[in-house]
>>> print(open('upload.txt').read())   # compact mmCIF, C-alpha atoms
# COMPACT_ATOMS: atom_id res chain seq x y z
CA MET A 1 23.28 -15.43 -3.65
CA ALA A 2 22.15 -12.36 -1.70
CA GLN A 3 18.70 -10.96 -2.30
CA ILE A 4 17.79 -7.28 -2.22
CA LYS A 5 15.57 -7.84 0.82
CA ASP A 6 18.76 -8.69 2.76
CA GLU A 7 19.59 -4.98 2.55
CA MET A 8 16.09 -3.86 3.56
CA LEU A 9 13.75 -3.81 6.56
CA LYS A 10 10.42 -5.63 6.66
CA PHE A 11 7.63 -3.04 6.36
CA LEU A 12 4.52 -5.25 6.09
CA SER A 13 4.37 -8.99 6.73
CA GLN A 14 2.32 -11.31 4.56
CA GLU A 15 -0.13 -11.60 7.49
CA GLU A 16 -0.57 -7.82 7.63
CA ILE A 17 -1.03 -7.71 3.85
CA ALA A 18 -3.65 -10.48 4.07
CA LYS A 19 -5.59 -8.48 6.69
CA LEU A 20 -5.57 -5.41 4.42
CA ILE A 21 -6.81 -7.51 1.48
CA ILE A 22 -9.64 -8.95 3.61
CA LYS A 23 -10.62 -5.43 4.73
CA LEU A 24 -10.65 -4.16 1.12
CA ALA A 25 -12.59 -7.21 -0.08
CA GLY A 26 -15.25 -6.63 2.57
CA GLN A 27 -15.70 -3.00 1.54
CA ILE A 28 -15.92 -3.93 -2.15
CA GLU A 29 -18.38 -6.80 -1.54
CA ALA A 30 -20.65 -4.48 0.46
CA ASP A 31 -20.59 -1.80 -2.25
CA TYR A 32 -21.18 -4.22 -5.16
CA GLU A 33 -23.57 -6.68 -3.52
CA GLY A 34 -25.41 -8.73 -6.15
CA ARG A 35 -23.41 -7.30 -9.06
CA GLU A 36 -20.68 -8.68 -11.29
CA LEU A 37 -17.24 -7.07 -11.15
CA ILE A 38 -14.57 -6.80 -13.79
CA PHE A 39 -11.10 -6.51 -12.32
CA ILE A 40 -8.49 -4.73 -14.42
CA CYS A 41 -4.98 -5.79 -13.45
CA PRO A 42 -2.15 -3.53 -14.62
CA LEU A 43 0.85 -5.72 -15.34
CA ARG A 44 3.17 -6.61 -13.81
CA GLY A 45 3.02 -5.38 -10.24
CA SER A 46 -0.67 -5.89 -9.50
CA VAL A 47 -0.84 -9.61 -10.29
CA HIS A 48 -0.34 -10.73 -6.68
CA MET A 49 -2.91 -8.35 -5.26
CA THR A 50 -5.47 -8.99 -8.00
CA ALA A 51 -5.30 -12.76 -7.45
CA ASP A 52 -5.55 -12.43 -3.65
CA LEU A 53 -8.39 -9.89 -3.82
CA MET A 54 -10.40 -11.94 -6.32
CA ARG A 55 -10.18 -15.01 -4.07
CA LYS A 56 -11.60 -13.01 -1.13
CA ILE A 57 -14.55 -11.45 -2.99
CA ASN A 58 -17.56 -13.71 -3.24
CA LEU A 59 -19.26 -12.04 -6.21
CA PRO A 60 -19.48 -12.95 -9.90
CA GLN A 61 -16.30 -11.65 -11.48
CA GLN A 62 -14.01 -11.52 -14.49
CA VAL A 63 -10.47 -10.28 -14.91
CA ASP A 64 -8.54 -8.62 -17.72
CA PHE A 65 -4.98 -7.37 -17.95
CA VAL A 66 -3.34 -4.22 -19.27
CA TYR A 67 0.26 -3.13 -19.63
CA VAL A 68 0.78 0.61 -19.33
CA GLN A 69 4.18 2.24 -18.92
CA ALA A 70 6.00 5.53 -19.06
CA THR A 71 8.46 5.59 -21.94
CA GLU A 72 10.95 7.34 -19.63
CA LYS A 73 10.78 9.04 -16.24
CA GLY A 74 8.27 11.86 -16.63
CA GLY A 75 7.82 11.00 -20.33
CA ALA A 76 4.87 9.94 -22.40
CA ILE A 77 2.64 7.08 -21.24
CA ARG A 78 1.92 4.24 -23.63
CA MET A 79 -0.29 1.20 -23.51
CA THR A 80 1.36 -1.91 -24.90
CA LYS A 81 -1.49 -4.27 -23.93
CA ASP A 82 -5.07 -3.04 -23.81
CA ILE A 83 -8.07 -4.84 -22.30
CA SER A 84 -9.59 -7.54 -24.47
CA MET A 85 -13.17 -7.50 -23.14
CA ASN A 86 -16.03 -5.11 -23.61
CA ILE A 87 -16.56 -3.13 -20.39
CA THR A 88 -19.40 -0.93 -21.64
CA GLY A 89 -22.11 -0.81 -18.97
CA LYS A 90 -20.04 -2.97 -16.57
CA ASP A 91 -18.78 -2.36 -13.03
CA VAL A 92 -15.00 -2.09 -13.32
CA LEU A 93 -12.35 -2.04 -10.62
CA ILE A 94 -8.71 -1.14 -11.36
CA VAL A 95 -6.45 -3.02 -8.92
CA GLU A 96 -3.13 -1.38 -8.02
CA GLU A 97 -0.53 -2.59 -5.56
CA ILE A 98 0.65 1.02 -5.03
CA ILE A 99 -0.27 4.49 -6.27
CA ASP A 100 2.80 6.67 -6.58
CA THR A 101 2.88 9.58 -9.05
CA GLY A 102 -0.51 8.63 -10.49
CA ARG A 103 0.60 9.26 -14.07
CA THR A 104 0.07 5.76 -15.51
CA LEU A 105 -3.05 5.21 -13.40
CA SER A 106 -4.57 8.47 -14.62
CA PHE A 107 -3.83 7.45 -18.22
CA LEU A 108 -5.42 4.03 -17.64
CA LYS A 109 -8.47 5.48 -15.91
CA ASN A 110 -9.12 7.88 -18.81
CA ARG A 111 -8.66 5.05 -21.33
CA LEU A 112 -11.17 2.83 -19.50
CA LEU A 113 -13.68 5.66 -19.01
CA SER A 114 -13.73 6.09 -22.80
CA SER A 115 -15.32 2.61 -22.96
CA ASN A 116 -18.33 3.83 -20.93
CA PRO A 117 -18.36 1.43 -17.99
CA ASN A 118 -21.31 1.60 -15.60
CA SER A 119 -18.83 2.40 -12.82
CA LEU A 120 -15.06 2.64 -12.55
CA LYS A 121 -13.31 2.58 -9.19
CA ILE A 122 -9.74 2.14 -8.03
CA VAL A 123 -8.47 -0.12 -5.25
CA THR A 124 -4.89 0.04 -3.99
CA LEU A 125 -3.00 -1.76 -1.29
CA LEU A 126 -0.65 1.18 -0.69
CA ASP A 127 -1.22 4.86 -1.38
CA LYS A 128 1.79 7.19 -1.45
CA PRO A 129 0.25 10.69 -1.85
CA ALA A 130 3.54 12.53 -1.21
CA ARG A 131 4.71 11.53 -4.71
CA ARG A 132 1.47 12.37 -6.54
CA GLU A 133 1.92 14.38 -9.73
CA LEU A 134 -1.71 14.17 -10.87
CA PRO A 135 -4.83 14.55 -8.70
CA ILE A 136 -6.04 10.95 -8.64
CA ARG A 137 -7.43 9.11 -5.61
CA ALA A 138 -8.27 5.51 -4.95
CA ASP A 139 -11.77 4.60 -3.84
CA TYR A 140 -10.45 1.80 -1.66
CA ILE A 141 -7.11 2.17 0.15
CA GLY A 142 -5.43 -0.54 2.20
CA LYS A 143 -2.81 1.72 3.81
CA THR A 144 -1.47 5.22 3.22
CA ILE A 145 2.31 5.38 3.48
CA ASP A 146 5.01 8.04 3.61
CA ASP A 147 7.37 8.56 0.70
CA ARG A 148 9.24 5.25 1.01
CA TYR A 149 10.77 2.95 -1.57
CA VAL A 150 8.99 -0.39 -1.18
CA VAL A 151 9.77 -3.80 -2.65
CA GLY A 152 7.83 -7.05 -2.53
CA TYR A 153 4.28 -8.28 -3.12
CA GLY A 154 4.49 -7.24 -6.78
CA MET A 155 6.60 -4.11 -6.27
CA ASP A 156 10.11 -4.35 -7.64
CA SER A 157 13.56 -2.88 -7.77
CA GLU A 158 14.74 -3.21 -11.37
CA GLU A 159 12.45 -6.25 -11.80
CA LYS A 160 13.77 -7.92 -8.63
CA GLY A 161 11.81 -8.61 -5.47
CA ARG A 162 8.28 -8.84 -6.91
CA ASN A 163 8.03 -12.40 -5.61
CA TYR A 164 8.58 -11.56 -1.93
CA SER A 165 5.56 -12.38 0.24
CA ASP A 166 6.36 -9.48 2.58
CA ILE A 167 6.93 -5.81 1.71
CA TYR A 168 10.30 -4.27 2.49
CA VAL A 169 11.66 -0.72 2.72
CA LEU A 170 15.18 0.60 2.33
CA LYS A 171 17.19 0.89 5.50
CA ASN A 172 17.70 4.55 6.43
>>> encode(input="upload.txt", output="structure tokens")
Amino acid sequence: MAQIKDEMLKFLSQEEIAKLIIKLAGQIEADYEGRELIFICPLRGSVHMTADLMRKINLPQQVDFVYVQATEKGGAIRMTKDISMNITGKDVLIVEEIIDTGRTLSFLKNRLLSSNPNSLKIVTLLDKPARRELPIRADYIGKTIDDRYVVGYGMDSEEKGRNYSDIYVLKN
């Protein structure tokens, strides 16, 4: 059975991804030295990155999960799974595998800010500013990319390809 990656080109290898995660982890550890972090993992795409990042950060930490989605392209944003822990007064880090339009991330950031965390920052493996619809920026960026359709390492094409260890782009 053919896989969608067979029709794509490798964009980032798992080794290159691992180096970006190590770089991000080092920046985060330096900024939060001696403090506890709460990682917020938006389902489903950020699971891989959240797990890898947490393993590389040697600080006290907890994780919680949210599920935020647009009801349709350009439509309303809804949260079908909210956080289950109290983040008031805590240092919170939203982990994204990619920032595209910024619509769901902006919604999530505003929702979490309403819980009065001590700090709230965003980390992303890939930033795609060409597609941004709302002015939101990550505090920690692994790599800025052009407007490309990427699959793998949590990113999918109609729910396929999330499991790939490498990241692929469409052939031009």
>>> axis_aligned_box(input="upload.txt", around="range 7-14 of chain A", padding_each_side="5 Å", output="lines of an AutoDock Vina configuration file")
center_x = 11.0
center_y = -7.2
center_z = 4.6
size_x = 27.3
size_y = 18.3
size_z = 14.2
>>> residues_around(input="upload.txt", residues="Glu97 in chain A", least_positions_apart="2", cutoff="10 Å", atoms="only C-alpha atoms", output="PyMOL selection string")
chain A and resi 41-42+44-50+95+99-100+123-127+141-142+152-155
>>> closest_residue(input="upload.txt", among="A:Leu20, A:Ile98, A:Leu113, A:Ile38", to="Pro129 in chain A", atoms="all atoms listed in the file")
A:Ile98
>>> closest_residue(input="upload.txt", among="A:Ala25, A:Ala130, A:Ile136, A:Leu37", to="Arg55 in chain A", atoms="only C-alpha atoms")
A:Ala25
>>> residues_around(input="upload.txt", residues="Leu105 in chain A", least_positions_apart="3", cutoff="9 Å", atoms="all atoms listed in the file", output="PyMOL selection string")
chain A and resi 42+68+94+96+99+101-102+108-110+136
>>> atom_distance(input="upload.txt", atom1="CA of Asn116 in chain A", atom2="CA of Asn86 in chain A")
9.6 Å
>>> closest_residue(input="upload.txt", among="A:Ile28, A:Met79, A:Ile40, A:Ile22", to="Lys56 in chain A", atoms="all atoms listed in the file")
A:Ile22
>>> atom_distance(input="upload.txt", atom1="CA of Gln27 in chain A", atom2="CA of Thr88 in chain A")
23.6 Å
>>> atom_distance(input="upload.txt", atom1="CA of Ile87 in chain A", atom2="CA of Pro117 in chain A")
5.5 Å
>>> residues_near_point(input="upload.txt", point="(6.6, -15.2, 3.0)", cutoff="10 Å", atoms="all atoms listed in the file", output="ChimeraX atom specification")
/A:13-15,152-153,163-167
>>> write_last_selection(input="upload.txt", atoms="C-alpha atoms", output="PDB file, in the frame of the given file")
ATOM      1  CA  SER A  13       4.370  -8.990   6.730  1.00  0.00           C
ATOM      2  CA  GLN A  14       2.320 -11.310   4.560  1.00  0.00           C
ATOM      3  CA  GLU A  15      -0.130 -11.600   7.490  1.00  0.00           C
ATOM      4  CA  GLY A 152       7.830  -7.050  -2.530  1.00  0.00           C
ATOM      5  CA  TYR A 153       4.280  -8.280  -3.120  1.00  0.00           C
ATOM      6  CA  ASN A 163       8.030 -12.400  -5.610  1.00  0.00           C
ATOM      7  CA  TYR A 164       8.580 -11.560  -1.930  1.00  0.00           C
ATOM      8  CA  SER A 165       5.560 -12.380   0.240  1.00  0.00           C
ATOM      9  CA  ASP A 166       6.360  -9.480   2.580  1.00  0.00           C
ATOM     10  CA  ILE A 167       6.930  -5.810   1.710  1.00  0.00           C
TER      11      ILE A 167
END
>>> build_atoms(input="upload.txt", residues="range 135-164 of chain A", atoms="N, CA and C atoms", output="compact mmCIF listing (two decimals), in the frame of the given file")
# COMPACT_ATOMS: atom_id res chain seq x y z
N PRO A 135 -3.83 14.69 -9.77
CA PRO A 135 -4.83 14.55 -8.70
C PRO A 135 -5.73 13.33 -8.90
N ILE A 136 -5.24 12.17 -8.52
CA ILE A 136 -6.04 10.95 -8.64
C ILE A 136 -6.07 10.27 -7.27
N ARG A 137 -7.26 9.76 -6.91
CA ARG A 137 -7.43 9.11 -5.61
C ARG A 137 -8.05 7.74 -5.81
N ALA A 138 -7.66 6.84 -4.96
CA ALA A 138 -8.27 5.51 -4.95
C ALA A 138 -9.58 5.57 -4.17
N ASP A 139 -10.50 4.71 -4.54
CA ASP A 139 -11.77 4.60 -3.84
C ASP A 139 -11.65 3.67 -2.63
N TYR A 140 -10.71 2.75 -2.73
CA TYR A 140 -10.45 1.80 -1.66
C TYR A 140 -8.94 1.78 -1.41
N ILE A 141 -8.53 2.08 -0.19
CA ILE A 141 -7.11 2.17 0.15
C ILE A 141 -6.82 1.24 1.33
N GLY A 142 -5.84 0.35 1.12
CA GLY A 142 -5.43 -0.54 2.20
C GLY A 142 -4.68 0.22 3.28
N LYS A 143 -3.66 0.99 2.86
CA LYS A 143 -2.81 1.72 3.81
C LYS A 143 -2.17 2.89 3.09
N THR A 144 -2.18 4.05 3.74
CA THR A 144 -1.47 5.22 3.22
C THR A 144 -0.08 5.21 3.85
N ILE A 145 0.93 5.43 3.00
CA ILE A 145 2.31 5.38 3.48
C ILE A 145 3.04 6.68 3.15
N ASP A 146 4.13 6.91 3.90
CA ASP A 146 5.01 8.04 3.61
C ASP A 146 5.78 7.74 2.33
N ASP A 147 6.56 8.71 1.91
CA ASP A 147 7.37 8.56 0.70
C ASP A 147 8.53 7.59 0.99
N ARG A 148 8.26 6.30 0.78
CA ARG A 148 9.24 5.25 1.01
C ARG A 148 9.37 4.41 -0.25
N TYR A 149 10.55 3.86 -0.46
CA TYR A 149 10.77 2.95 -1.57
C TYR A 149 10.46 1.55 -1.08
N VAL A 150 9.44 0.92 -1.64
CA VAL A 150 8.99 -0.39 -1.18
C VAL A 150 9.21 -1.46 -2.25
N VAL A 151 9.52 -2.65 -1.77
CA VAL A 151 9.77 -3.80 -2.65
C VAL A 151 9.08 -5.01 -2.06
N GLY A 152 8.49 -5.82 -2.93
CA GLY A 152 7.83 -7.05 -2.53
C GLY A 152 6.35 -7.00 -2.85
N TYR A 153 5.70 -8.16 -2.83
CA TYR A 153 4.28 -8.28 -3.12
C TYR A 153 3.92 -7.56 -4.43
N GLY A 154 4.73 -7.80 -5.45
CA GLY A 154 4.49 -7.24 -6.78
C GLY A 154 5.32 -6.02 -7.09
N MET A 155 5.79 -5.32 -6.07
CA MET A 155 6.60 -4.11 -6.27
C MET A 155 8.07 -4.54 -6.39
N ASP A 156 8.78 -3.88 -7.30
CA ASP A 156 10.11 -4.35 -7.64
C ASP A 156 11.17 -3.27 -7.55
N SER A 157 12.40 -3.73 -7.60
CA SER A 157 13.56 -2.88 -7.77
C SER A 157 14.30 -3.43 -8.98
N GLU A 158 14.16 -2.75 -10.10
CA GLU A 158 14.74 -3.21 -11.37
C GLU A 158 14.36 -4.67 -11.66
N GLU A 159 13.07 -4.95 -11.54
CA GLU A 159 12.45 -6.25 -11.80
C GLU A 159 12.81 -7.32 -10.78
N LYS A 160 13.44 -6.95 -9.68
CA LYS A 160 13.77 -7.92 -8.63
C LYS A 160 12.91 -7.65 -7.40
N GLY A 161 12.54 -8.73 -6.72
CA GLY A 161 11.81 -8.61 -5.47
C GLY A 161 10.30 -8.69 -5.57
N ARG A 162 9.74 -8.74 -6.77
CA ARG A 162 8.28 -8.84 -6.91
C ARG A 162 7.71 -10.05 -6.19
N ASN A 163 8.50 -11.13 -6.13
CA ASN A 163 8.03 -12.40 -5.61
C ASN A 163 8.01 -12.48 -4.09
N TYR A 164 8.55 -11.49 -3.39
CA TYR A 164 8.58 -11.56 -1.93
C TYR A 164 7.16 -11.50 -1.37
